[in-house]
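Listing of target19.cif, mmCIF, N, CA and C atoms
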data_query
#
loop_
_atom_site.label_atom_id
_atom_site.label_comp_id
_atom_site.auth_asym_id
_atom_site.auth_seq_id
_atom_site.Cartn_x
_atom_site.Cartn_y
_atom_site.Cartn_z
N VAL X 1 185.71 142.78 114.87
CA VAL X 1 184.43 143.41 114.65
C VAL X 1 184.34 143.78 113.18
N THR X 2 183.27 143.30 112.54
CA THR X 2 183.08 143.64 111.13
C THR X 2 181.99 144.68 111.01
N MET X 3 182.16 145.53 110.06
CA MET X 3 181.18 146.58 109.84
C MET X 3 180.35 146.22 108.62
N GLU X 4 179.02 146.28 108.77
CA GLU X 4 178.16 145.95 107.64
C GLU X 4 178.02 147.15 106.73
N ILE X 5 178.13 146.91 105.46
CA ILE X 5 177.95 147.97 104.48
C ILE X 5 176.53 147.84 103.93
N PRO X 6 175.76 148.91 104.04
CA PRO X 6 174.39 148.81 103.53
C PRO X 6 174.39 148.58 102.02
N PRO X 7 173.48 147.73 101.54
CA PRO X 7 173.46 147.44 100.10
C PRO X 7 173.07 148.67 99.30
N LYS X 8 173.66 148.76 98.12
CA LYS X 8 173.34 149.89 97.25
C LYS X 8 172.06 149.59 96.48
N SER X 9 171.38 150.64 96.12
CA SER X 9 170.17 150.47 95.32
C SER X 9 170.57 150.13 93.89
N PRO X 10 169.65 149.61 93.07
CA PRO X 10 169.99 149.20 91.71
C PRO X 10 170.59 150.32 90.85
N ASP X 11 170.23 151.56 91.11
CA ASP X 11 170.79 152.65 90.29
C ASP X 11 172.15 153.12 90.80
N GLY X 12 172.64 152.50 91.87
CA GLY X 12 173.98 152.81 92.36
C GLY X 12 174.02 153.88 93.43
N SER X 13 172.91 154.53 93.72
CA SER X 13 172.93 155.59 94.74
C SER X 13 172.55 154.97 96.08
N GLU X 14 173.18 155.47 97.13
CA GLU X 14 172.86 154.99 98.46
C GLU X 14 171.83 155.92 99.08
N LYS X 15 170.90 155.34 99.83
CA LYS X 15 169.88 156.15 100.48
C LYS X 15 170.03 156.00 101.98
N SER X 16 169.90 157.11 102.67
CA SER X 16 170.01 157.09 104.12
C SER X 16 168.71 156.59 104.73
N PRO X 17 168.74 156.14 105.99
CA PRO X 17 167.51 155.69 106.65
C PRO X 17 166.47 156.82 106.74
N GLN X 18 166.95 158.07 106.84
CA GLN X 18 166.00 159.18 106.91
C GLN X 18 165.22 159.31 105.62
N SER X 19 165.88 159.14 104.49
CA SER X 19 165.16 159.26 103.22
C SER X 19 164.20 158.09 103.03
N LYS X 20 164.55 156.91 103.59
CA LYS X 20 163.62 155.79 103.52
C LYS X 20 162.37 156.08 104.34
N GLU X 21 162.55 156.72 105.50
CA GLU X 21 161.39 157.09 106.31
C GLU X 21 160.51 158.06 105.57
N LEU X 22 161.12 159.02 104.89
CA LEU X 22 160.33 159.98 104.13
C LEU X 22 159.54 159.30 103.02
N LEU X 23 160.15 158.31 102.41
CA LEU X 23 159.45 157.59 101.35
C LEU X 23 158.26 156.83 101.90
N THR X 24 158.43 156.19 103.06
CA THR X 24 157.31 155.43 103.62
C THR X 24 156.24 156.35 104.18
N SER X 25 156.57 157.55 104.60
CA SER X 25 155.55 158.44 105.12
C SER X 25 154.66 158.98 104.01
N ASN X 26 155.17 159.01 102.79
CA ASN X 26 154.35 159.46 101.68
C ASN X 26 153.34 158.42 101.24
N THR X 27 153.54 157.18 101.63
CA THR X 27 152.63 156.13 101.16
C THR X 27 151.24 156.29 101.75
N ALA X 28 151.10 156.87 102.92
CA ALA X 28 149.78 157.06 103.52
C ALA X 28 148.94 158.01 102.67
N SER X 29 149.54 159.10 102.23
CA SER X 29 148.77 160.02 101.40
C SER X 29 148.51 159.43 100.03
N THR X 30 149.45 158.64 99.52
CA THR X 30 149.23 157.97 98.24
C THR X 30 148.11 156.96 98.36
N LEU X 31 148.03 156.27 99.50
CA LEU X 31 146.99 155.30 99.72
C LEU X 31 145.62 155.96 99.73
N CYS X 32 145.53 157.14 100.33
CA CYS X 32 144.26 157.86 100.36
C CYS X 32 143.84 158.28 98.96
N ILE X 33 144.80 158.69 98.15
CA ILE X 33 144.48 159.15 96.80
C ILE X 33 144.03 157.98 95.93
N SER X 34 144.69 156.85 96.06
CA SER X 34 144.38 155.73 95.18
C SER X 34 143.35 154.78 95.78
N SER X 35 142.70 155.17 96.86
CA SER X 35 141.73 154.27 97.48
C SER X 35 140.51 154.12 96.60
N ARG X 36 139.76 153.04 96.87
CA ARG X 36 138.61 152.72 96.04
C ARG X 36 137.51 153.75 96.21
N SER X 37 137.37 154.31 97.41
CA SER X 37 136.32 155.29 97.67
C SER X 37 136.87 156.69 97.46
N GLU X 38 137.32 156.95 96.27
CA GLU X 38 137.93 158.24 95.98
C GLU X 38 136.92 159.37 96.05
N SER X 39 135.62 159.06 95.83
CA SER X 39 134.61 160.11 95.86
C SER X 39 134.44 160.69 97.26
N VAL X 40 134.88 159.95 98.29
CA VAL X 40 134.81 160.49 99.65
C VAL X 40 135.80 161.63 99.80
N TRP X 41 136.97 161.50 99.15
CA TRP X 41 138.02 162.50 99.30
C TRP X 41 137.81 163.67 98.36
N THR X 42 137.17 163.45 97.24
CA THR X 42 136.91 164.54 96.31
C THR X 42 135.43 164.83 96.30
N SER X 43 135.07 166.07 96.15
CA SER X 43 133.65 166.44 96.18
C SER X 43 133.11 166.63 94.77
N ALA X 44 133.64 165.90 93.80
CA ALA X 44 133.17 166.01 92.43
C ALA X 44 131.78 165.39 92.33
N SER X 45 130.87 166.08 91.66
CA SER X 45 129.52 165.56 91.53
C SER X 45 129.49 164.49 90.45
N ARG X 46 128.69 163.47 90.69
CA ARG X 46 128.59 162.37 89.76
C ARG X 46 127.23 162.41 89.10
N SER X 47 127.14 161.84 87.91
CA SER X 47 125.87 161.83 87.20
C SER X 47 124.94 160.79 87.84
N LYS X 48 123.66 160.88 87.50
CA LYS X 48 122.68 159.94 88.05
C LYS X 48 123.01 158.51 87.61
N TRP X 49 123.50 158.35 86.38
CA TRP X 49 123.83 157.00 85.90
C TRP X 49 124.98 156.42 86.70
N ASP X 50 125.98 157.25 87.04
CA ASP X 50 127.10 156.77 87.85
C ASP X 50 126.64 156.29 89.23
N ILE X 51 125.63 156.95 89.75
CA ILE X 51 125.14 156.61 91.09
C ILE X 51 124.22 155.39 91.06
N TYR X 52 123.31 155.35 90.08
CA TYR X 52 122.25 154.34 90.10
C TYR X 52 122.43 153.21 89.08
N HIS X 53 123.57 153.09 88.41
CA HIS X 53 123.68 152.10 87.34
C HIS X 53 123.61 150.65 87.84
N LYS X 54 124.16 150.37 89.01
CA LYS X 54 124.12 148.99 89.50
C LYS X 54 122.70 148.53 89.84
N PRO X 55 121.92 149.31 90.62
CA PRO X 55 120.55 148.85 90.88
C PRO X 55 119.68 148.80 89.63
N VAL X 56 119.91 149.70 88.67
CA VAL X 56 119.13 149.67 87.44
C VAL X 56 119.43 148.39 86.66
N ILE X 57 120.69 147.99 86.63
CA ILE X 57 121.06 146.75 85.95
C ILE X 57 120.45 145.54 86.66
N VAL X 58 120.47 145.54 88.00
CA VAL X 58 119.89 144.42 88.75
C VAL X 58 118.39 144.34 88.52
N VAL X 59 117.70 145.49 88.50
CA VAL X 59 116.25 145.50 88.24
C VAL X 59 115.97 144.99 86.82
N SER X 60 116.77 145.43 85.85
CA SER X 60 116.55 145.01 84.47
C SER X 60 116.77 143.51 84.28
N VAL X 61 117.85 143.00 84.87
CA VAL X 61 118.12 141.56 84.77
C VAL X 61 117.03 140.77 85.49
N GLY X 62 116.60 141.27 86.63
CA GLY X 62 115.52 140.60 87.38
C GLY X 62 114.23 140.55 86.58
N ALA X 63 113.89 141.65 85.92
CA ALA X 63 112.67 141.67 85.12
C ALA X 63 112.78 140.72 83.93
N ALA X 64 113.97 140.67 83.31
CA ALA X 64 114.17 139.77 82.16
C ALA X 64 114.06 138.30 82.59
N VAL X 65 114.67 137.96 83.72
CA VAL X 65 114.62 136.57 84.21
C VAL X 65 113.19 136.22 84.63
N PHE X 66 112.48 137.17 85.21
CA PHE X 66 111.08 136.95 85.59
C PHE X 66 110.23 136.68 84.35
N LEU X 67 110.41 137.48 83.30
CA LEU X 67 109.65 137.26 82.06
C LEU X 67 110.00 135.92 81.42
N PHE X 68 111.29 135.57 81.47
CA PHE X 68 111.71 134.27 80.95
C PHE X 68 111.04 133.14 81.74
N GLY X 69 110.94 133.31 83.05
CA GLY X 69 110.24 132.32 83.88
C GLY X 69 108.77 132.23 83.54
N MET X 70 108.16 133.37 83.22
CA MET X 70 106.75 133.35 82.82
C MET X 70 106.56 132.57 81.52
N VAL X 71 107.48 132.78 80.57
CA VAL X 71 107.39 132.07 79.29
C VAL X 71 107.56 130.56 79.50
N ILE X 72 108.54 130.18 80.29
CA ILE X 72 108.79 128.75 80.54
C ILE X 72 107.61 128.11 81.28
N THR X 73 107.06 128.85 82.25
CA THR X 73 105.92 128.32 82.99
C THR X 73 104.72 128.16 82.07
N SER X 74 104.50 129.13 81.19
CA SER X 74 103.37 129.02 80.27
C SER X 74 103.58 127.90 79.26
N LEU X 75 104.83 127.57 78.93
CA LEU X 75 105.10 126.45 78.03
C LEU X 75 104.71 125.12 78.66
N SER X 76 104.71 125.06 79.98
CA SER X 76 104.35 123.80 80.64
C SER X 76 102.86 123.50 80.49
N TRP X 77 102.06 124.50 80.15
CA TRP X 77 100.63 124.29 79.95
C TRP X 77 100.34 123.72 78.56
N ILE X 78 101.27 123.92 77.63
CA ILE X 78 101.10 123.39 76.27
C ILE X 78 101.55 121.93 76.27
N GLN X 79 100.91 121.13 75.46
CA GLN X 79 101.27 119.71 75.38
C GLN X 79 102.57 119.55 74.61
N ILE X 80 103.69 119.36 75.34
CA ILE X 80 104.99 119.10 74.73
C ILE X 80 105.66 117.94 75.45
N LYS X 81 106.79 117.51 74.93
CA LYS X 81 107.45 116.30 75.46
C LYS X 81 107.97 116.49 76.89
N ASN X 82 108.81 117.49 77.13
CA ASN X 82 109.48 117.66 78.43
C ASN X 82 108.68 118.57 79.36
N LYS X 83 107.46 118.20 79.63
CA LYS X 83 106.57 119.03 80.44
C LYS X 83 107.08 119.19 81.87
N ASN X 84 107.63 118.12 82.44
CA ASN X 84 108.10 118.17 83.83
C ASN X 84 109.29 119.11 83.99
N VAL X 85 110.15 119.19 82.97
CA VAL X 85 111.29 120.10 83.04
C VAL X 85 110.81 121.54 83.09
N TYR X 86 109.82 121.86 82.25
CA TYR X 86 109.29 123.23 82.25
C TYR X 86 108.57 123.56 83.56
N LYS X 87 107.88 122.57 84.12
CA LYS X 87 107.18 122.79 85.39
C LYS X 87 108.16 123.02 86.53
N MET X 88 109.36 122.43 86.44
CA MET X 88 110.37 122.63 87.48
C MET X 88 111.14 123.94 87.28
N CYS X 89 111.56 124.20 86.06
CA CYS X 89 112.43 125.37 85.80
C CYS X 89 111.66 126.68 85.78
N GLY X 90 110.42 126.65 85.34
CA GLY X 90 109.63 127.88 85.24
C GLY X 90 109.51 128.63 86.56
N PRO X 91 109.00 127.99 87.61
CA PRO X 91 108.91 128.67 88.90
C PRO X 91 110.26 129.08 89.48
N ALA X 92 111.31 128.30 89.17
CA ALA X 92 112.65 128.68 89.67
C ALA X 92 113.08 130.01 89.05
N PHE X 93 112.89 130.16 87.73
CA PHE X 93 113.23 131.43 87.09
C PHE X 93 112.32 132.55 87.55
N LEU X 94 111.04 132.24 87.77
CA LEU X 94 110.11 133.25 88.29
C LEU X 94 110.60 133.79 89.64
N SER X 95 110.95 132.90 90.54
CA SER X 95 111.36 133.34 91.88
C SER X 95 112.71 134.06 91.85
N LEU X 96 113.64 133.56 91.03
CA LEU X 96 114.95 134.23 90.92
C LEU X 96 114.80 135.63 90.33
N GLY X 97 113.99 135.75 89.29
CA GLY X 97 113.77 137.06 88.68
C GLY X 97 113.09 138.03 89.63
N LEU X 98 112.09 137.53 90.36
CA LEU X 98 111.40 138.39 91.33
C LEU X 98 112.34 138.84 92.44
N MET X 99 113.21 137.92 92.89
CA MET X 99 114.16 138.27 93.94
C MET X 99 115.12 139.36 93.47
N LEU X 100 115.68 139.22 92.27
CA LEU X 100 116.59 140.25 91.74
C LEU X 100 115.87 141.58 91.55
N PHE X 101 114.64 141.52 91.04
CA PHE X 101 113.86 142.73 90.81
C PHE X 101 113.62 143.49 92.12
N VAL X 102 113.21 142.77 93.15
CA VAL X 102 112.92 143.40 94.45
C VAL X 102 114.21 143.92 95.09
N CYS X 103 115.31 143.17 95.00
CA CYS X 103 116.58 143.63 95.57
C CYS X 103 117.03 144.93 94.91
N GLY X 104 116.89 145.02 93.60
CA GLY X 104 117.25 146.26 92.90
C GLY X 104 116.37 147.42 93.31
N LEU X 105 115.07 147.16 93.48
CA LEU X 105 114.15 148.23 93.89
C LEU X 105 114.44 148.71 95.30
N VAL X 106 114.84 147.80 96.19
CA VAL X 106 115.16 148.19 97.56
C VAL X 106 116.50 148.92 97.62
N TRP X 107 117.40 148.59 96.71
CA TRP X 107 118.73 149.19 96.69
C TRP X 107 118.67 150.69 96.38
N ILE X 108 117.72 151.12 95.57
CA ILE X 108 117.64 152.53 95.15
C ILE X 108 117.42 153.47 96.34
N PRO X 109 116.43 153.24 97.24
CA PRO X 109 116.30 154.14 98.40
C PRO X 109 117.49 154.12 99.33
N ILE X 110 118.17 152.97 99.41
CA ILE X 110 119.37 152.88 100.26
C ILE X 110 120.45 153.81 99.71
N ILE X 111 120.62 153.83 98.40
CA ILE X 111 121.62 154.73 97.79
C ILE X 111 121.23 156.18 98.00
N ARG X 112 119.94 156.50 97.87
CA ARG X 112 119.49 157.88 98.11
C ARG X 112 119.80 158.32 99.53
N LYS X 113 119.56 157.44 100.49
CA LYS X 113 119.83 157.76 101.90
C LYS X 113 121.33 157.99 102.11
N LYS X 114 122.17 157.14 101.50
CA LYS X 114 123.61 157.32 101.62
C LYS X 114 124.07 158.63 101.00
N GLN X 115 123.47 159.02 99.88
CA GLN X 115 123.84 160.28 99.24
C GLN X 115 123.52 161.46 100.15
N LYS X 116 122.35 161.41 100.80
CA LYS X 116 121.98 162.50 101.72
C LYS X 116 122.93 162.55 102.90
N GLN X 117 123.29 161.38 103.45
CA GLN X 117 124.23 161.35 104.58
C GLN X 117 125.59 161.87 104.16
N ARG X 118 126.03 161.54 102.94
CA ARG X 118 127.33 161.99 102.45
C ARG X 118 127.33 163.51 102.29
N GLN X 119 126.21 164.07 101.80
CA GLN X 119 126.12 165.52 101.65
C GLN X 119 126.17 166.20 103.02
N LYS X 120 125.47 165.62 104.00
CA LYS X 120 125.49 166.18 105.35
C LYS X 120 126.89 166.12 105.95
N SER X 121 127.57 164.98 105.77
CA SER X 121 128.90 164.84 106.36
C SER X 121 129.89 165.79 105.69
N GLN X 122 129.77 166.01 104.37
CA GLN X 122 130.65 166.96 103.70
C GLN X 122 130.40 168.37 104.21
N PHE X 123 129.13 168.70 104.45
CA PHE X 123 128.79 170.01 104.99
C PHE X 123 129.37 170.18 106.40
N LEU X 124 129.23 169.15 107.23
CA LEU X 124 129.78 169.22 108.59
C LEU X 124 131.30 169.30 108.57
N GLN X 125 131.94 168.57 107.65
CA GLN X 125 133.40 168.64 107.54
C GLN X 125 133.85 170.04 107.15
N SER X 126 133.12 170.67 106.24
CA SER X 126 133.51 172.02 105.84
C SER X 126 133.31 173.00 106.99
N LEU X 127 132.24 172.82 107.77
CA LEU X 127 132.04 173.68 108.94
C LEU X 127 133.14 173.47 109.97
N LYS X 128 133.47 172.22 110.20
CA LYS X 128 134.51 171.89 111.17
C LYS X 128 135.86 172.49 110.75
N SER X 129 136.18 172.35 109.49
CA SER X 129 137.46 172.87 109.01
C SER X 129 137.45 174.41 109.05
N PHE X 130 136.28 175.01 108.84
CA PHE X 130 136.20 176.47 108.88
C PHE X 130 136.47 176.98 110.29
N PHE X 131 135.87 176.32 111.32
CA PHE X 131 136.00 176.82 112.68
C PHE X 131 137.32 176.41 113.35
N PHE X 132 137.82 175.19 113.05
CA PHE X 132 139.00 174.71 113.77
C PHE X 132 140.31 175.02 113.07
N ASN X 133 140.30 175.43 111.84
CA ASN X 133 141.53 175.72 111.13
C ASN X 133 141.85 177.21 111.08
N ARG X 134 141.46 177.93 112.09
CA ARG X 134 141.74 179.36 112.16
C ARG X 134 142.98 179.63 112.95
#
How does the structure come out when it is put into structure tokens?
Amino acid sequence: VTMEIPPKSPDGSEKSPQSKELLTSNTASTLCISSRSESVWTSASRSKWDIYHKPVIVVSVGAAVFLFGMVITSLSWIQIKNKNVYKMCGPAFLSLGLMLFVCGLVWIPIIRKKQKQRQKSQFLQSLKSFFFNR
């Protein structure tokens, strides 16, 4: 019968299975801290730009692409060589810009609704912790 010797760690110290369990049990709390939705765990208030910057960027890009489509479409009315290219690309940019613009505008009320729900859930969590942690 041979007895297996557990391998030593690189620094030369041996760790017991109990200490390994303790190390793995800490990973759950570390995972919560380093998660992407950290604002759920912390109640730090964010600025309006932090909340609405993505839809504002989408609306701005959509408006720019829409205007670019208007320019290209209007160029197709002028007598130039590649008229068919402008007639094809102009409406494509118009529709793409309009789609981005509308998506950004619809995104803003969705974020507002989520913010209200988050405030309600934080309030309910604080009430729950107040009554059940006595």
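Using all atoms listed in the file, the contacts of Gly104 of chain X at a cut-off of 6.5 Å, with sequence neighbours closer than 3 positions omitted, comprise Pro55, Val56, Val58, Val59, Met99, Leu100, Phe101, Trp107 and Ile108 of chain X.
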Please produce a file of those selected residues containing N, CA and C atoms, as a PDB file, in the frame of the given file.
ATOM      1  N   PRO X  55     121.920 149.310  90.620  1.00  0.00           N
ATOM      2  CA  PRO X  55     120.550 148.850  90.880  1.00  0.00           C
ATOM      3  C   PRO X  55     119.680 148.800  89.630  1.00  0.00           C
ATOM      4  N   VAL X  56     119.910 149.700  88.670  1.00  0.00           N
ATOM      5  CA  VAL X  56     119.130 149.670  87.440  1.00  0.00           C
ATOM      6  C   VAL X  56     119.430 148.390  86.660  1.00  0.00           C
ATOM      7  N   VAL X  58     120.470 145.540  88.000  1.00  0.00           N
ATOM      8  CA  VAL X  58     119.890 144.420  88.750  1.00  0.00           C
ATOM      9  C   VAL X  58     118.390 144.340  88.520  1.00  0.00           C
ATOM     10  N   VAL X  59     117.700 145.490  88.500  1.00  0.00           N
ATOM     11  CA  VAL X  59     116.250 145.500  88.240  1.00  0.00           C
ATOM     12  C   VAL X  59     115.970 144.990  86.820  1.00  0.00           C
ATOM     13  N   MET X  99     113.210 137.920  92.890  1.00  0.00           N
ATOM     14  CA  MET X  99     114.160 138.270  93.940  1.00  0.00           C
ATOM     15  C   MET X  99     115.120 139.360  93.470  1.00  0.00           C
ATOM     16  N   LEU X 100     115.680 139.220  92.270  1.00  0.00           N
ATOM     17  CA  LEU X 100     116.590 140.250  91.740  1.00  0.00           C
ATOM     18  C   LEU X 100     115.870 141.580  91.550  1.00  0.00           C
ATOM     19  N   PHE X 101     114.640 141.520  91.040  1.00  0.00           N
ATOM     20  CA  PHE X 101     113.860 142.730  90.810  1.00  0.00           C
ATOM     21  C   PHE X 101     113.620 143.490  92.120  1.00  0.00           C
ATOM     22  N   TRP X 107     117.400 148.590  96.710  1.00  0.00           N
ATOM     23  CA  TRP X 107     118.730 149.190  96.690  1.00  0.00           C
ATOM     24  C   TRP X 107     118.670 150.690  96.380  1.00  0.00           C
ATOM     25  N   ILE X 108     117.720 151.120  95.570  1.00  0.00           N
ATOM     26  CA  ILE X 108     117.640 152.530  95.150  1.00  0.00           C
ATOM     27  C   ILE X 108     117.420 153.470  96.340  1.00  0.00           C
TER      28      ILE X 108
END
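For the pair atom CA of Gln119 of chain X and atom CA of Val102 of chain X, the separation is 26.7 Å.
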Practice problem: Give me, please, the distance in Å between atom CA of Leu67 of chain X and atom CA of Leu94 of chain X, quoted to one decimal. | Solution: 7.4 Å
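Interatomic distance, atom N of Ala92 of chain X against atom CA of His53 of chain X: 26.9 Å.
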Quiz item: What does the PyMOL selection byres ((chain X and resi 69) around 7) select in this file, as a ChimeraX atom specification?
Solution: /X:64-68,70-74,89-95
Give me the box for segment 64-79 of chain X as AutoDock Vina command-line options, namely the centre and edge lengths in Å to one decimal of a box along x, y and z that holds every listed atom plus 6 Å on each side.
--center_x 107.5 --center_y 130.1 --center_z 80.1 --size_x 26.3 --size_y 33.1 --size_z 23.0
Segment 39-72 of chain X: residues DSSP assigns to alpha helix (DSSP H), reported as a PDB file with N, CA and C atoms, keeping the file's coordinate frame:
ATOM      1  N   SER X  39     135.620 159.060  95.830  1.00  0.00           N
ATOM      2  CA  SER X  39     134.610 160.110  95.860  1.00  0.00           C
ATOM      3  C   SER X  39     134.440 160.690  97.260  1.00  0.00           C
ATOM      4  N   VAL X  40     134.880 159.950  98.290  1.00  0.00           N
ATOM      5  CA  VAL X  40     134.810 160.490  99.650  1.00  0.00           C
ATOM      6  C   VAL X  40     135.800 161.630  99.800  1.00  0.00           C
ATOM      7  N   TRP X  41     136.970 161.500  99.150  1.00  0.00           N
ATOM      8  CA  TRP X  41     138.020 162.500  99.300  1.00  0.00           C
ATOM      9  C   TRP X  41     137.810 163.670  98.360  1.00  0.00           C
ATOM     10  N   LYS X  48     123.660 160.880  87.500  1.00  0.00           N
ATOM     11  CA  LYS X  48     122.680 159.940  88.050  1.00  0.00           C
ATOM     12  C   LYS X  48     123.010 158.510  87.610  1.00  0.00           C
ATOM     13  N   TRP X  49     123.500 158.350  86.380  1.00  0.00           N
ATOM     14  CA  TRP X  49     123.830 157.000  85.900  1.00  0.00           C
ATOM     15  C   TRP X  49     124.980 156.420  86.700  1.00  0.00           C
ATOM     16  N   ASP X  50     125.980 157.250  87.040  1.00  0.00           N
ATOM     17  CA  ASP X  50     127.100 156.770  87.850  1.00  0.00           C
ATOM     18  C   ASP X  50     126.640 156.290  89.230  1.00  0.00           C
ATOM     19  N   ILE X  51     125.630 156.950  89.750  1.00  0.00           N
ATOM     20  CA  ILE X  51     125.140 156.610  91.090  1.00  0.00           C
ATOM     21  C   ILE X  51     124.220 155.390  91.060  1.00  0.00           C
ATOM     22  N   TYR X  52     123.310 155.350  90.080  1.00  0.00           N
ATOM     23  CA  TYR X  52     122.250 154.340  90.100  1.00  0.00           C
ATOM     24  C   TYR X  52     122.430 153.210  89.080  1.00  0.00           C
ATOM     25  N   HIS X  53     123.570 153.090  88.410  1.00  0.00           N
ATOM     26  CA  HIS X  53     123.680 152.100  87.340  1.00  0.00           C
ATOM     27  C   HIS X  53     123.610 150.650  87.840  1.00  0.00           C
ATOM     28  N   LYS X  54     124.160 150.370  89.010  1.00  0.00           N
ATOM     29  CA  LYS X  54     124.120 148.990  89.500  1.00  0.00           C
ATOM     30  C   LYS X  54     122.700 148.530  89.840  1.00  0.00           C
ATOM     31  N   PRO X  55     121.920 149.310  90.620  1.00  0.00           N
ATOM     32  CA  PRO X  55     120.550 148.850  90.880  1.00  0.00           C
ATOM     33  C   PRO X  55     119.680 148.800  89.630  1.00  0.00           C
ATOM     34  N   VAL X  56     119.910 149.700  88.670  1.00  0.00           N
ATOM     35  CA  VAL X  56     119.130 149.670  87.440  1.00  0.00           C
ATOM     36  C   VAL X  56     119.430 148.390  86.660  1.00  0.00           C
ATOM     37  N   ILE X  57     120.690 147.990  86.630  1.00  0.00           N
ATOM     38  CA  ILE X  57     121.060 146.750  85.950  1.00  0.00           C
ATOM     39  C   ILE X  57     120.450 145.540  86.660  1.00  0.00           C
ATOM     40  N   VAL X  58     120.470 145.540  88.000  1.00  0.00           N
ATOM     41  CA  VAL X  58     119.890 144.420  88.750  1.00  0.00           C
ATOM     42  C   VAL X  58     118.390 144.340  88.520  1.00  0.00           C
ATOM     43  N   VAL X  59     117.700 145.490  88.500  1.00  0.00           N
ATOM     44  CA  VAL X  59     116.250 145.500  88.240  1.00  0.00           C
ATOM     45  C   VAL X  59     115.970 144.990  86.820  1.00  0.00           C
ATOM     46  N   SER X  60     116.770 145.430  85.850  1.00  0.00           N
ATOM     47  CA  SER X  60     116.550 145.010  84.470  1.00  0.00           C
ATOM     48  C   SER X  60     116.770 143.510  84.280  1.00  0.00           C
ATOM     49  N   VAL X  61     117.850 143.000  84.870  1.00  0.00           N
ATOM     50  CA  VAL X  61     118.120 141.560  84.770  1.00  0.00           C
ATOM     51  C   VAL X  61     117.030 140.770  85.490  1.00  0.00           C
ATOM     52  N   GLY X  62     116.600 141.270  86.630  1.00  0.00           N
ATOM     53  CA  GLY X  62     115.520 140.600  87.380  1.00  0.00           C
ATOM     54  C   GLY X  62     114.230 140.550  86.580  1.00  0.00           C
ATOM     55  N   ALA X  63     113.890 141.650  85.920  1.00  0.00           N
ATOM     56  CA  ALA X  63     112.670 141.670  85.120  1.00  0.00           C
ATOM     57  C   ALA X  63     112.780 140.720  83.930  1.00  0.00           C
ATOM     58  N   ALA X  64     113.970 140.670  83.310  1.00  0.00           N
ATOM     59  CA  ALA X  64     114.170 139.770  82.160  1.00  0.00           C
ATOM     60  C   ALA X  64     114.060 138.300  82.590  1.00  0.00           C
ATOM     61  N   VAL X  65     114.670 137.960  83.720  1.00  0.00           N
ATOM     62  CA  VAL X  65     114.620 136.570  84.210  1.00  0.00           C
ATOM     63  C   VAL X  65     113.190 136.220  84.630  1.00  0.00           C
ATOM     64  N   PHE X  66     112.480 137.170  85.210  1.00  0.00           N
ATOM     65  CA  PHE X  66     111.080 136.950  85.590  1.00  0.00           C
ATOM     66  C   PHE X  66     110.230 136.680  84.350  1.00  0.00           C
ATOM     67  N   LEU X  67     110.410 137.480  83.300  1.00  0.00           N
ATOM     68  CA  LEU X  67     109.650 137.260  82.060  1.00  0.00           C
ATOM     69  C   LEU X  67     110.000 135.920  81.420  1.00  0.00           C
ATOM     70  N   PHE X  68     111.290 135.570  81.470  1.00  0.00           N
ATOM     71  CA  PHE X  68     111.710 134.270  80.950  1.00  0.00           C
ATOM     72  C   PHE X  68     111.040 133.140  81.740  1.00  0.00           C
ATOM     73  N   GLY X  69     110.940 133.310  83.050  1.00  0.00           N
ATOM     74  CA  GLY X  69     110.240 132.320  83.880  1.00  0.00           C
ATOM     75  C   GLY X  69     108.770 132.230  83.540  1.00  0.00           C
ATOM     76  N   MET X  70     108.160 133.370  83.220  1.00  0.00           N
ATOM     77  CA  MET X  70     106.750 133.350  82.820  1.00  0.00           C
ATOM     78  C   MET X  70     106.560 132.570  81.520  1.00  0.00           C
ATOM     79  N   VAL X  71     107.480 132.780  80.570  1.00  0.00           N
ATOM     80  CA  VAL X  71     107.390 132.070  79.290  1.00  0.00           C
ATOM     81  C   VAL X  71     107.560 130.560  79.500  1.00  0.00           C
ATOM     82  N   ILE X  72     108.540 130.180  80.290  1.00  0.00           N
ATOM     83  CA  ILE X  72     108.790 128.750  80.540  1.00  0.00           C
ATOM     84  C   ILE X  72     107.610 128.110  81.280  1.00  0.00           C
TER      85      ILE X  72
END
